[in-house]
Amino acid sequence: NVTPDSFSDGGALRSVDDAVARAESLVAEGADILDIGGESTRPHADVVEVDEEMRRAVPVVEALARRFPDIPLSIDTVKSTVARAAIDAGAHIVNDVSGLRLDTEMAPACAERGVGIVLMHSRGGVSEMATYAHAEYSDDAMDDVLDELRERVALALARGIDVECIAVDPGLGFSKRSEHSLRVLASLERLAAW
């Protein structure tokens with residue numbers, strides 16, 4: 001997280017060198033993928049402008065691509081402009097926490113380059129997806145999560161993203177109360193079977 005306001009470690013990585021050092025620790029601990037994000041999704045986070053998100057994240061992607069040429073790099077963004085720049089800098093995966101909801105150009109950006117994409121279940125914009133603003137579900141939250149993820153996957157396929165390039169994330173804690181996340185967690189075999 002190369003953000004000053006991340007919910008997990010905001011402000012800890014103040015430079016590209018700090019981020020590379022953190023990545024070295026993660027790789028030494030067994031990380032198989034490094035995910036770089038320049039915009040926080042903490043509750044009520046401020047929306048970050050494209051230029052600022054690129055200033056934060058793209059140099060880190062470039063440095064990590066040089067330092068770890070065999071480690072897949074993921075850019076955590078909802079903005080196609082940031083995704084394209086990060087892909088050009090060496091990212092192999094786009095981790096879109098909006099599941100293609102917030103930028104209509106994200107799917108074409110990923111399809112054109114043949115990169116992997118993670119479609120996360122969430123609702124609302126960046127500043128509200130980690131809140132309860134949209135945390136209304138039927139009796140079984142996993143039913144709703146699966147229905148909404150199927151829609152996101154169908155859109156990705158329709159926009160030219162290869163099925164082999166798609167991963168889904170049920171978005172534990174995003175637009176979900178604790179009971180919703182626990183129900184989803186207890187039902188992961190349904191997601192895996194789909």
# chains A, B, ... in the order shown; residues from 1 in each chain; ligands from 1
>>> select_by_dssp(residues="chain A", states="alpha helix (DSSP H)", output="ChimeraX atom specification")
/A:16-28,50-67,80-89,106-113,141-158,178-186,188-193
>>> residues_around(residues="range 115-125 of chain A", least_positions_apart="4", cutoff="9 Å", atoms="only C-alpha atoms", output="tab-separated table (two decimals) with C-alpha atoms, in the first residue's frame")
chain	number	residue	atom	x	y	z
A	47	VAL	CA	-10.87	9.52	-3.84
A	74	SER	CA	-0.59	-6.84	-9.46
A	87	ILE	CA	0.94	-2.72	-17.14
A	91	ALA	CA	2.28	-5.33	-13.90
A	92	HIS	CA	0.84	-8.71	-14.92
A	93	ILE	CA	-2.50	-8.50	-13.09
A	94	VAL	CA	-5.11	-5.81	-12.47
A	95	ASN	CA	-6.85	-6.14	-9.11
A	96	ASP	CA	-10.07	-4.17	-9.62
A	97	VAL	CA	-11.91	-3.94	-6.30
A	98	SER	CA	-14.92	-2.55	-8.16
A	99	GLY	CA	-15.20	-5.60	-10.40
A	100	LEU	CA	-15.27	-3.38	-13.54
A	101	ARG	CA	-18.12	-1.24	-12.16
A	102	LEU	CA	-16.39	2.12	-11.90
A	107	ALA	CA	-12.08	-4.27	-19.34
A	109	ALA	CA	-7.42	-2.12	-21.06
A	110	CYS	CA	-7.03	-5.63	-19.65
A	111	ALA	CA	-8.29	-7.44	-22.75
A	129	MET	CA	-17.30	0.12	-0.44
A	130	ALA	CA	-15.67	-0.59	2.93
A	133	ALA	CA	-23.84	1.85	3.03
A	134	HIS	CA	-24.76	-0.96	0.60
A	135	ALA	CA	-24.73	-3.94	2.97
A	145	VAL	CA	-22.39	-12.31	-4.04
A	146	LEU	CA	-22.38	-15.15	-6.59
A	148	GLU	CA	-23.24	-10.20	-8.76
A	149	LEU	CA	-19.88	-11.85	-9.50
A	152	ARG	CA	-19.04	-9.07	-13.54
A	153	VAL	CA	-17.51	-12.15	-15.17
A	156	ALA	CA	-15.45	-9.23	-18.65
A	161	ILE	CA	-11.09	-10.78	-21.46
A	162	ASP	CA	-10.10	-14.44	-21.75
A	164	GLU	CA	-8.28	-18.03	-18.20
A	165	CYS	CA	-7.29	-14.50	-17.18
A	166	ILE	CA	-10.15	-13.99	-14.69
A	167	ALA	CA	-10.07	-14.57	-10.94
A	168	VAL	CA	-12.88	-13.64	-8.57
A	169	ASP	CA	-12.71	-12.33	-5.02
A	170	PRO	CA	-15.80	-12.48	-2.76
A	171	GLY	CA	-14.80	-9.19	-1.13
A	172	LEU	CA	-14.86	-10.16	2.53
A	174	PHE	CA	-16.43	-4.96	1.53
A	175	SER	CA	-20.04	-3.78	1.51
A	176	LYS	CA	-20.74	-6.52	4.04
>>> select_by_dssp(residues="range 4-132 of chain A", states="strand (DSSP E)", output="PyMOL selection string")
chain A and resi 34-37+73-76+93-96+116-120
>>> closest_residue(among="A:Val16, A:Ala28, A:Val61, A:Val184", to="Asp139 in chain A", atoms="only C-alpha atoms")
A:Val184
>>> atom_distance(atom1="CA of Val60 in chain A", atom2="CA of Gly30 in chain A")
19.6 Å
>>> closest_residue(among="A:Arg84, A:Arg190, A:Arg55, A:Arg22", to="Glu105 in chain A", atoms="only C-alpha atoms")
A:Arg84
>>> atom_distance(atom1="CA of Ser40 in chain A", atom2="CA of Glu52 in chain A")
12.2 Å
>>> residues_around(residues="His44 in chain A", least_positions_apart="2", cutoff="7 Å", atoms="only C-alpha atoms", output="list in words")
Arg42, Asp46, Ser127 and Glu128 of chain A
>>> write_last_selection(atoms="N, CA and C atoms", output="PDB file, in the first residue's frame")
ATOM      1  N   ARG A  42     -10.115   2.111   2.516  1.00  0.00           N
ATOM      2  CA  ARG A  42     -10.592   2.122   3.906  1.00  0.00           C
ATOM      3  C   ARG A  42     -11.937   2.851   3.955  1.00  0.00           C
ATOM      4  N   ASP A  46     -10.679   9.071   0.907  1.00  0.00           N
ATOM      5  CA  ASP A  46     -10.744  10.121  -0.106  1.00  0.00           C
ATOM      6  C   ASP A  46     -10.440   9.515  -1.471  1.00  0.00           C
ATOM      7  N   SER A 127     -15.001   5.304  -1.813  1.00  0.00           N
ATOM      8  CA  SER A 127     -15.094   5.841  -0.455  1.00  0.00           C
ATOM      9  C   SER A 127     -16.146   5.153   0.406  1.00  0.00           C
ATOM     10  N   GLU A 128     -17.014   4.336  -0.219  1.00  0.00           N
ATOM     11  CA  GLU A 128     -18.068   3.701   0.577  1.00  0.00           C
ATOM     12  C   GLU A 128     -18.069   2.180   0.522  1.00  0.00           C
TER      13      GLU A 128
END
>>> atom_distance(atom1="CA of Asp70 in chain A", atom2="CA of Leu34 in chain A")
11.0 Å
